[in-house]
Amino acid sequence: MATDIHELLNSLTLKEKIGQLQQLPPFLYIADLKNEVYGTVRDLGITEEDVFLSGSVLGIRNASEMIDVQKAYLKRSRHQIPLVIMADIIHGYETIFPIPLAMAASFDPEVARKAARIAAIEAQTAGIHVSFAPMADVSRDPRWGRVMEGSGEDVCLAKAFAKATVEGFQHDGIEKIGNMASCVKHFAGYGKVQAGRDYHAVEMSMNEWYNTYLPPYEAALKAGARLVMAAFNTFNGVPASISPFLMRETLRDRLLFDGVTITDYDSLQQVIAHGAAYDQRDAARLGMTAGIDIEMGSATYVKYLESLITEGVIDESLLDQAVLRILELKRDLGLFENPFKGADLDAEKALVRSEAHLQAAEKLAETASVLLRNDNHALPFMTHDTVALIGPYARSRSTNGGWSWHGDIEHNETLEEALIRHKATISLVSDADNKEALSDHDKTMIKAADVVVLAIGEHWRDSGEARSKSMIALDEGQIELVRFAKTVSKRVVVVLYGGRPLVLDDIVLADAVLMTWFLGSRASSVIARTLLGNISPSGKLPMTFPKNNGQIPIHYDHLNTGRPNLRDGNPYVTQYIDVQNEPLYPFGYGLTYADIVIKDLQVDREIMAKGDVLHIDLTLQNNSDVTSEDVVQIYVRDVVSLPVRPVKEMKAFKRVKLSGHQSVVVGFDLGPEAFSYVAENGHVILDSGLFEIHAGMDSQKTIKRLIEMR
Ligand code: GLC
C-alpha cells in the first residue's frame with residue numbers, strides 16, 4: 001500500500017522534519033561516532049541525534065556498506081523513513097565510459113544514454129538511488145577544469161546530451177531496481193565563471209541566459225530529472241543556492257519543476273564567504289526562503305531552522321513543502337517498500353565490471369576520439385610497421401579521467417599492451433616525457449622506426465573540479481619531444497590525452513594528431529584499434545581549440561560585430577594584431593580516415609510561413625575506399641534581428657555511416673524552434689525576414705542556402 005506522505009509528514013516532529021533536509025557522509029552511521037564527534041560531526045556542529053535524524057547520504061562504497069548504514073539508521077529511527085543514497089556517478093560506476101566531454105565529441109546522444117543506463121545498473125547494486133548527473137553547464141572557457149564533465153560550448157549539443165543522460169539513468173521508472181533518479185547540475189551558469197576560474201562569479205545577460213545557458217537544464221527537466229543541484233557561483237551577484245530568481249522564479253514558476261533541490265557541497269554555508277549572510281543562521285534563512293530542500297556538506301538548517309520557525313522568521317509551510325518533496329522522491333524510489341532498494345551483493349558480483357559492460361564501454365568509446373590532423377594519411381599504420389611508442393601515456397593505465405571514483409585503473413590496459421594485443425610491431429617503448437629523457441639507444445630506435453607514436457597530454461588530475469588553468473598549453477618537454485621526433489622520423493603520430501581543449505603549439509608539427517580525451521576502462525584498446533585502422537575516428541570537437549590562450553573565450557556562435565574581419569586589408573576591423581580570429585580547430589571539426597563531403601544541399605522551400613517545417617536534404621559522398629562514420633551538422637542564422645543573433649547556431653546534427661564511394665541523402669526537418677530565440681523578457685521570438693541555412697562537416701566550412709520567413 002503506497003505510503004501516504006502527507007500523513008507521514010503530519011506525524012513528524014519539527015526536528016524530524018528538519019532532519020530530512022540534511023545530507024551526510026555514510027561513515028557517520030557505522031563509525032564509532034564518539035571518534036567522529038571530534039571530526040566531521042564536531043566541524044558541522046551537530047549531535048549524534050542529528051546524525052540519526054538526517055534524510056540522505058552522500059556516497060557509498062558498496063552494497064554491504066549501504067545495508068549496514070540503512071540498518072543502523074532505521075534501528076534508531078522512530079519514523080522509519082529510509083535514507084536515500086546519492087552519489088557522483090558521472091561517466092560510469094566501476095565500468096568507466098569516456099568523460100562527458102568525450103561522449104559529447106561523439107555527437108551521438110545514444111552514447112550518453114547507454115553509458116548512463118549501464119552506470120545505473122552497476123551503481124544500483126550498491127544501493128545508490130540518485131546520481132549527481134548530468135552536468136548541464138554550457139562552457140566556452142577551456143581554462144575551467146570542469147569542462148571535462150559537460151558537453152562543451154554548444155547549446156544544441158548540451159541539450160541533447162542532458163536529455164539522453166537523464167533518460168539513461170531513469171530509464172523506465174526510478175522505482176525499478178537498476179534505475180536511478182537523475183540530479184541535473186549545477187544550477188545555474190557555473191560554466192560561465194569569470195576567467196574560467198572555478199567557483200568565481202558569474203555575470204549573465206538575460207539574452208545569454210535564455211538562449212545559451214538555461215536550455216540544457218530545461219532539457220534535463222523535460223526529460224524528467226527528479227533533482228536539481230544548486231551551483232557554487234553567484235549568478236548576477238546572488239549566490240545560486242539562495243537565489244529566488246533561480247530556485248523559485250525560474251525552476252518552480254517558469255519550468256514548473258516540482259522535484260527536490262539540493263545544495264552543492266557546503267554551498268549554503270558558503271554564502272557567508274560570498275558576503276550574502278553574516279552567519280549560518282542567516283544562510284539557513286536565505287536558503288529556505290529561496291527554496292533549497294536538501295543541505296549537503298554543511299548543517300545550517302539542522303542548527304538554525306528550528307529557532308527560525310519557532311520565532312516566526314520562517315513559515316513552517318516552507319519546511320513542509322521541502323520535506324514533502326523529499327518524501328515524494330523516497331516514495332517514488334520505492335524506498336518505503338524496500339529501504340535497501342538495489343543493494344544486492346550477488347548482483348554486484350555478476351554485473352559490476354561485467355565483460356558485457358566493458359565491451360559496451362569499448363563500443364561507446366569508438367566514436368569519441370577526434371582526428372585533428374592526418375597529413376599524407378599518416379594514420380592508420382599497419383601491424384607490420386615498426387612503432388616507437390614514447391611518452392607518459394605509453395604505459396599508463398590512467399585513462400579514466402576525473403570523476404571516476406569507483407573505477408579502478410589497475411584493471412585498465414596500457415596503450416603498449418593494447419597495441420601488442422592488436423598485433424602492432426613495437427620496436428621501442430619509453431615513458432619519456434621530454435627529449436632529455438631519451439637515451440642514445442632510444443634515439444637510434446626512433447630514427448629506425450616506421451612510425452613514432454607520442455602518447456602525451458595533460459595529467460588526468462589537471463581537469464575536473466578545482467582544476468582551472470590560466471594556460472591550457474602542454475608541457476614544453478612534451479612539445480620538444482614532438483619537435484625532435486619530427487626531425488628524425490618518417491612519420492610522427494601524436495595521441496593526445498586531456499580533459500579540455502588544449503593549445504597545441506608545435507604539436508601540430510606531427511603528421512597526425514588524435515585527441516583521445518580520457519576514454520575510460522577500454523581506452524587503450526579503442527586507441528590501438530584506431531591507430532591500426534580497425535576503427536575510423538569520427539568524433540567532432542564539442543569545444544573550440546584556440547590558437548593561443550589569448551583567444552579565450554572563443555566559440556563558433558559568436559556575433560558578427562559592426563566591423564567583421566573580411567580579410568580585405570582594412571585594419572579597422574574586429575581582430576587581434578598578433579593572431580587571427582579563427583581558432584586552431586573549430587567546433588564540430590574532426591577528420592576521419594575516409595573523405596566524406598557534402599555534395600548538395602536542397603531546401604524544400606525558399607519562402608516559409610511562421611510555423612512551417614523546413615525540410616532539408618543533403619547528399620553526403622564518400623570519395624574514398626574507406627568505410628567510416630561522420631557527423632553532418634545543420635546551422636541557422638537569423639540575418640536581421642534585435643538583439644542581433646550569432647553568425648550561426650547549430651540546430652541539428654546526424655551521425656551517418658558510409659561505405660567506400662557510397663553516397664547517401666540525409667534529411668532534416670527544422671521546425672519553428674530552430675528559427676526562434678528568447679527575448680530578454682523571456683518571450684519566444686520568431687522573426688520575419690532572411691535566414692541562412694548552413695550544412696557542414698564542421699562549423700567553419702559550410703554550404704549555405706537562404707530562405708525567407710514571412
Ligand atoms: C562537488 C561538486 C558536485 C558534486 C558534489 C558531491 O563539490 O561540485 O558536482 O556532485 O560536490 O560530490
# chains A, B, ... in the order shown; residues from 1 in each chain; ligands from 1

$ residues_around --residues "Arg605 in chain A" --least-positions-apart "5" --cutoff "9 Å" --atoms "only C-alpha atoms" --output "PyMOL selection string"
chain A and resi 614-615+707

$ write_last_selection --atoms "N, CA and C atoms" --output "compact mmCIF listing (two decimals), in the first residue's frame"
# COMPACT_ATOMS: atom_id res chain seq x y z
N LEU A 614 10.74 23.35 -42.25
CA LEU A 614 11.60 23.36 -43.42
C LEU A 614 12.26 21.99 -43.57
N HIS A 615 12.10 21.37 -44.74
CA HIS A 615 12.78 20.10 -44.94
C HIS A 615 14.06 20.32 -45.73
N ILE A 707 16.70 31.35 -46.93
CA ILE A 707 15.24 31.24 -47.00
C ILE A 707 14.64 32.50 -46.38

$ closest_atom_pairs --of "chain A" --to "ligand 1" --cutoff "8 Å" --atoms "only C-alpha atoms and all ligand atoms" --output "tab-separated table"
residue	atom	partner	partner_atom_place_in_ligand_line	distance
A:Leu58	CA	ligand 1	6 (C)	7.0
A:Gly59	CA	ligand 1	12 (O)	7.8
A:Ala87	CA	ligand 1	12 (O)	6.7
A:Asp88	CA	ligand 1	10 (O)	5.4
A:Phe132	CA	ligand 1	10 (O)	5.0
A:Ala133	CA	ligand 1	10 (O)	7.5
A:Met135	CA	ligand 1	9 (O)	7.5
A:Lys185	CA	ligand 1	9 (O)	6.9
A:His186	CA	ligand 1	9 (O)	6.9
A:Met229	CA	ligand 1	10 (O)	7.8
A:Ala231	CA	ligand 1	8 (O)	7.4
A:Phe232	CA	ligand 1	8 (O)	7.3
A:Asp264	CA	ligand 1	5 (C)	5.4
A:Tyr265	CA	ligand 1	11 (O)	4.6
A:Met296	CA	ligand 1	6 (C)	7.9
A:Glu465	CA	ligand 1	8 (O)	6.6

$ write_last_selection --atoms "all heavy atoms" --output "compact mmCIF listing (two decimals), in the first residue's frame"
# COMPACT_ATOMS: atom_id res chain seq x y z
N LEU A 58 25.57 11.04 1.25
CA LEU A 58 26.39 11.35 0.07
C LEU A 58 27.46 10.28 -0.08
O LEU A 58 28.40 10.22 0.71
CB LEU A 58 27.05 12.73 0.23
CG LEU A 58 28.19 13.04 -0.73
CD1 LEU A 58 27.74 12.96 -2.18
CD2 LEU A 58 28.79 14.40 -0.43
N GLY A 59 27.26 9.42 -1.10
CA GLY A 59 28.29 8.43 -1.41
C GLY A 59 28.13 7.16 -0.59
O GLY A 59 27.66 7.19 0.54
N ALA A 87 25.05 9.84 -5.09
CA ALA A 87 26.50 9.79 -5.37
C ALA A 87 26.78 10.37 -6.74
O ALA A 87 25.88 10.50 -7.58
CB ALA A 87 27.00 8.35 -5.30
N ASP A 88 28.06 10.67 -6.97
CA ASP A 88 28.51 11.17 -8.27
C ASP A 88 28.81 10.00 -9.21
O ASP A 88 29.91 9.47 -9.18
CB ASP A 88 29.78 12.01 -8.10
CG ASP A 88 29.51 13.26 -7.29
OD1 ASP A 88 28.81 14.13 -7.82
OD2 ASP A 88 29.94 13.31 -6.13
N PHE A 132 24.33 12.34 -9.21
CA PHE A 132 24.51 13.79 -9.42
C PHE A 132 25.01 14.04 -10.85
O PHE A 132 26.11 14.47 -11.08
CB PHE A 132 25.51 14.34 -8.41
CG PHE A 132 25.04 14.30 -6.99
CD1 PHE A 132 25.87 13.82 -5.99
CD2 PHE A 132 23.76 14.71 -6.64
CE1 PHE A 132 25.46 13.79 -4.66
CE2 PHE A 132 23.33 14.69 -5.33
CZ PHE A 132 24.17 14.22 -4.33
N ALA A 133 24.14 13.74 -11.78
CA ALA A 133 24.47 13.90 -13.21
C ALA A 133 23.14 13.97 -13.97
O ALA A 133 22.14 13.44 -13.48
CB ALA A 133 25.28 12.71 -13.72
N MET A 135 25.82 16.96 -15.71
CA MET A 135 26.24 18.34 -15.56
C MET A 135 25.85 19.04 -16.87
O MET A 135 26.38 18.73 -17.92
CB MET A 135 27.74 18.45 -15.32
CG MET A 135 28.15 19.86 -14.97
SD MET A 135 29.91 20.03 -14.81
CE MET A 135 30.30 20.87 -16.33
N LYS A 185 22.79 19.33 -12.76
CA LYS A 185 23.61 20.34 -12.05
C LYS A 185 24.42 21.11 -13.07
O LYS A 185 24.48 20.73 -14.25
CB LYS A 185 24.52 19.64 -11.04
CG LYS A 185 25.58 18.74 -11.68
CD LYS A 185 26.33 17.94 -10.62
CE LYS A 185 27.44 17.12 -11.22
NZ LYS A 185 28.13 16.28 -10.23
N HIS A 186 25.03 22.25 -12.67
CA HIS A 186 24.90 22.95 -11.40
C HIS A 186 24.10 24.20 -11.67
O HIS A 186 24.53 25.02 -12.48
CB HIS A 186 26.28 23.32 -10.87
CG HIS A 186 27.23 22.19 -10.77
ND1 HIS A 186 27.90 21.64 -11.86
CD2 HIS A 186 27.64 21.45 -9.71
CE1 HIS A 186 28.67 20.63 -11.46
NE2 HIS A 186 28.54 20.50 -10.15
N MET A 229 20.68 20.41 -8.58
CA MET A 229 21.70 20.84 -7.63
C MET A 229 22.07 22.29 -7.90
O MET A 229 22.34 22.66 -9.05
CB MET A 229 22.96 19.97 -7.74
CG MET A 229 24.05 20.36 -6.74
SD MET A 229 25.59 19.49 -6.99
CE MET A 229 25.13 17.83 -6.59
N ALA A 231 24.37 25.67 -7.86
CA ALA A 231 25.79 25.87 -8.19
C ALA A 231 26.48 26.66 -7.09
O ALA A 231 25.85 27.34 -6.29
CB ALA A 231 25.90 26.61 -9.51
N PHE A 232 27.81 26.59 -7.09
CA PHE A 232 28.60 27.33 -6.09
C PHE A 232 28.60 28.83 -6.35
O PHE A 232 28.75 29.62 -5.43
CB PHE A 232 30.06 26.87 -6.17
CG PHE A 232 30.35 25.52 -5.60
CD1 PHE A 232 30.88 24.52 -6.40
CD2 PHE A 232 30.10 25.23 -4.27
CE1 PHE A 232 31.18 23.27 -5.89
CE2 PHE A 232 30.39 23.98 -3.74
CZ PHE A 232 30.93 22.99 -4.55
N ASP A 264 25.09 22.38 -3.51
CA ASP A 264 26.34 21.68 -3.77
C ASP A 264 27.06 21.60 -2.42
O ASP A 264 26.59 22.12 -1.41
CB ASP A 264 27.16 22.44 -4.83
CG ASP A 264 28.18 21.54 -5.48
OD1 ASP A 264 28.58 20.53 -4.85
OD2 ASP A 264 28.58 21.81 -6.63
N TYR A 265 28.20 20.94 -2.42
CA TYR A 265 28.85 20.62 -1.15
C TYR A 265 29.21 21.88 -0.36
O TYR A 265 30.04 22.67 -0.79
CB TYR A 265 30.13 19.79 -1.41
CG TYR A 265 30.59 19.08 -0.17
CD1 TYR A 265 30.18 17.78 0.10
CD2 TYR A 265 31.38 19.72 0.77
CE1 TYR A 265 30.57 17.12 1.26
CE2 TYR A 265 31.77 19.07 1.94
CZ TYR A 265 31.36 17.78 2.17
OH TYR A 265 31.73 17.15 3.33
N MET A 296 23.73 19.83 1.62
CA MET A 296 24.83 18.88 1.53
C MET A 296 26.09 19.52 2.09
O MET A 296 26.44 20.64 1.73
CB MET A 296 25.06 18.50 0.07
CG MET A 296 26.22 17.58 -0.17
SD MET A 296 26.98 17.75 -1.81
CE MET A 296 25.63 17.36 -2.90
N GLU A 465 37.04 19.28 -11.01
CA GLU A 465 36.71 20.33 -10.05
C GLU A 465 37.98 20.92 -9.44
O GLU A 465 38.91 20.21 -9.13
CB GLU A 465 35.81 19.81 -8.93
CG GLU A 465 35.41 20.95 -7.98
CD GLU A 465 34.45 20.53 -6.90
OE1 GLU A 465 33.99 19.38 -6.92
OE2 GLU A 465 34.15 21.39 -6.04

$ residues_around --residues "range 466-481 of chain A" --least-positions-apart "6" --cutoff "6 Å" --atoms "only C-alpha atoms" --output "list in words"
Arg143, Trp144, Gly145, Arg197, Asp198, Asp433, Asn434, Lys435, Leu502, Val503 and Ile507 of chain A

$ write_last_selection --atoms "N, CA, C and O atoms" --output "compact mmCIF listing (two decimals), in the first residue's frame"
# COMPACT_ATOMS: atom_id res chain seq x y z
N ARG A 143 39.74 27.09 -19.85
CA ARG A 143 40.58 27.23 -18.64
C ARG A 143 39.87 26.58 -17.45
O ARG A 143 40.49 26.13 -16.50
N TRP A 144 38.55 26.51 -17.52
CA TRP A 144 37.73 25.93 -16.45
C TRP A 144 37.91 24.42 -16.47
O TRP A 144 37.61 23.77 -17.47
N GLY A 145 38.38 23.86 -15.38
CA GLY A 145 38.71 22.44 -15.35
C GLY A 145 37.49 21.55 -15.52
O GLY A 145 37.59 20.39 -15.94
N ARG A 197 37.85 30.60 -13.94
CA ARG A 197 38.41 30.22 -12.62
C ARG A 197 37.32 29.61 -11.76
O ARG A 197 36.28 30.26 -11.54
N ASP A 198 37.51 28.39 -11.33
CA ASP A 198 36.45 27.65 -10.65
C ASP A 198 35.93 28.44 -9.45
O ASP A 198 36.68 29.13 -8.77
N ASP A 433 59.00 11.88 -21.06
CA ASP A 433 58.07 12.98 -21.38
C ASP A 433 58.83 14.25 -21.76
O ASP A 433 58.31 15.34 -21.77
N ASN A 434 60.12 14.03 -22.10
CA ASN A 434 60.89 15.13 -22.70
C ASN A 434 62.08 14.52 -23.41
O ASN A 434 62.44 13.36 -23.18
N LYS A 435 62.69 15.32 -24.26
CA LYS A 435 63.77 14.82 -25.13
C LYS A 435 64.97 14.36 -24.33
O LYS A 435 65.59 13.33 -24.65
N LEU A 502 43.10 22.06 -25.76
CA LEU A 502 44.46 22.41 -25.38
C LEU A 502 45.06 23.31 -26.45
O LEU A 502 44.74 23.16 -27.64
N VAL A 503 45.92 24.22 -26.04
CA VAL A 503 46.70 24.99 -27.01
C VAL A 503 47.83 24.06 -27.47
O VAL A 503 48.63 23.59 -26.65
N ILE A 507 52.81 20.95 -31.39
CA ILE A 507 52.27 19.59 -31.52
C ILE A 507 51.79 19.38 -32.95
O ILE A 507 51.85 18.31 -33.51

$ residues_around --residues "Glu218 in chain A" --least-positions-apart "6" --cutoff "10 Å" --atoms "only C-alpha atoms" --output "PyMOL selection string"
chain A and resi 136+159+162-163+184+224-225+250-251+254-255+257

$ write_last_selection --atoms "C-alpha atoms" --output "tab-separated table (two decimals), in the first residue's frame"
chain	number	residue	atom	x	y	z
A	136	ALA	CA	24.36	20.60	-17.99
A	159	LYS	CA	20.52	19.85	-24.58
A	162	ALA	CA	21.49	16.29	-20.92
A	163	LYS	CA	18.23	14.73	-22.07
A	184	VAL	CA	20.91	17.83	-13.02
A	224	GLY	CA	12.18	14.07	-16.05
A	225	ALA	CA	15.22	14.76	-13.87
A	250	THR	CA	12.91	30.05	-12.88
A	251	LEU	CA	12.81	26.49	-11.52
A	254	ARG	CA	8.90	29.12	-15.28
A	255	LEU	CA	9.99	25.49	-15.61
A	257	PHE	CA	9.83	21.87	-11.58

$ closest_atom_pairs --of "range 164-222 of chain A" --to "range 642-664 of chain A" --cutoff "12 Å" --atoms "only C-alpha atoms" --output "JSON lines"
{"residue": "A:Ser205", "atom": "CA", "partner": "A:Pro643", "partner_atom": "CA", "distance": 11.7}
{"residue": "A:Met206", "atom": "CA", "partner": "A:Pro643", "partner_atom": "CA", "distance": 11.1}
{"residue": "A:Asn207", "atom": "CA", "partner": "A:Pro643", "partner_atom": "CA", "distance": 8.1}
{"residue": "A:Glu208", "atom": "CA", "partner": "A:Arg645", "partner_atom": "CA", "distance": 10.7}
{"residue": "A:Asn211", "atom": "CA", "partner": "A:Arg645", "partner_atom": "CA", "distance": 10.0}
{"residue": "A:Thr212", "atom": "CA", "partner": "A:Glu649", "partner_atom": "CA", "distance": 10.3}

$ closest_atom_pairs --of "range 572-631 of chain A" --to "range 541-545 of chain A" --cutoff "7 Å" --atoms "only C-alpha atoms" --output "JSON lines"
{"residue": "A:Pro583", "atom": "CA", "partner": "A:Phe545", "partner_atom": "CA", "distance": 6.1}
{"residue": "A:Leu584", "atom": "CA", "partner": "A:Phe545", "partner_atom": "CA", "distance": 5.6}
{"residue": "A:Tyr585", "atom": "CA", "partner": "A:Phe545", "partner_atom": "CA", "distance": 5.0}
{"residue": "A:Pro586", "atom": "CA", "partner": "A:Thr544", "partner_atom": "CA", "distance": 4.8}
{"residue": "A:Phe587", "atom": "CA", "partner": "A:Thr544", "partner_atom": "CA", "distance": 4.7}
{"residue": "A:Gly588", "atom": "CA", "partner": "A:Leu541", "partner_atom": "CA", "distance": 4.8}
{"residue": "A:Tyr589", "atom": "CA", "partner": "A:Leu541", "partner_atom": "CA", "distance": 5.3}
{"residue": "A:Gly590", "atom": "CA", "partner": "A:Leu541", "partner_atom": "CA", "distance": 6.4}

$ atom_distance --atom1 "CA of Ala219 in chain A" --atom2 "CA of Gln23 in chain A"
26.5 Å

$ residues_around --residues "range 179-183 of chain A" --least-positions-apart "3" --cutoff "9 Å" --atoms "only C-alpha atoms" --output "PDB file with C-alpha atoms, in the first residue's frame"
ATOM      1  CA  ARG A 117      21.980   3.117 -18.276  1.00  0.00           C
ATOM      2  CA  ALA A 120      22.825   2.987 -13.134  1.00  0.00           C
ATOM      3  CA  ILE A 121      22.647  -0.804 -13.310  1.00  0.00           C
ATOM      4  CA  ALA A 123      25.644   1.675  -9.078  1.00  0.00           C
ATOM      5  CA  GLN A 124      22.252   0.356  -8.096  1.00  0.00           C
ATOM      6  CA  ILE A 128      22.793   4.040  -4.747  1.00  0.00           C
ATOM      7  CA  HIS A 129      19.494   5.740  -5.684  1.00  0.00           C
ATOM      8  CA  VAL A 130      20.420   9.174  -7.088  1.00  0.00           C
ATOM      9  CA  SER A 131      23.215  10.226  -9.421  1.00  0.00           C
ATOM     10  CA  PHE A 132      24.512  13.792  -9.421  1.00  0.00           C
ATOM     11  CA  ALA A 133      24.466  13.900 -13.213  1.00  0.00           C
ATOM     12  CA  PRO A 134      24.165  15.231 -15.892  1.00  0.00           C
ATOM     13  CA  MET A 135      26.242  18.341 -15.563  1.00  0.00           C
ATOM     14  CA  THR A 165      21.751  11.155 -19.754  1.00  0.00           C
ATOM     15  CA  VAL A 166      18.633  11.692 -17.644  1.00  0.00           C
ATOM     16  CA  GLU A 167      16.761   9.107 -19.718  1.00  0.00           C
ATOM     17  CA  GLY A 168      19.649   6.678 -19.348  1.00  0.00           C
ATOM     18  CA  PHE A 169      19.662   6.910 -15.562  1.00  0.00           C
ATOM     19  CA  GLN A 170      15.908   6.988 -15.022  1.00  0.00           C
ATOM     20  CA  HIS A 171      15.071   4.609 -17.898  1.00  0.00           C
ATOM     21  CA  ASP A 172      11.607   3.090 -17.380  1.00  0.00           C
ATOM     22  CA  GLY A 173      10.978   4.387 -13.880  1.00  0.00           C
ATOM     23  CA  ILE A 174      13.038   5.219 -10.826  1.00  0.00           C
ATOM     24  CA  GLU A 175      11.047   2.791  -8.720  1.00  0.00           C
ATOM     25  CA  LYS A 176      12.597  -0.102 -10.614  1.00  0.00           C
ATOM     26  CA  ALA A 220      17.118  17.675 -18.420  1.00  0.00           C
ATOM     27  CA  GLY A 224      12.181  14.071 -16.053  1.00  0.00           C
ATOM     28  CA  ALA A 225      15.215  14.764 -13.874  1.00  0.00           C
ATOM     29  CA  ARG A 226      13.989  14.486 -10.292  1.00  0.00           C
ATOM     30  CA  LEU A 227      16.547  16.700  -8.588  1.00  0.00           C
ATOM     31  CA  VAL A 228      18.428  19.929  -9.279  1.00  0.00           C
ATOM     32  CA  MET A 229      21.699  20.844  -7.626  1.00  0.00           C
ATOM     33  CA  VAL A 260      13.946  18.192  -4.990  1.00  0.00           C
ATOM     34  CA  THR A 261      16.611  20.894  -4.885  1.00  0.00           C
ATOM     35  CA  ILE A 262      19.937  20.255  -3.181  1.00  0.00           C
ATOM     36  CA  LEU A 329      11.251  11.232  -4.048  1.00  0.00           C
ATOM     37  CA  LEU A 333      12.099   5.395  -5.499  1.00  0.00           C
ATOM     38  CA  GLY A 342      19.024  -2.203  -5.363  1.00  0.00           C
TER      39      GLY A 342
END
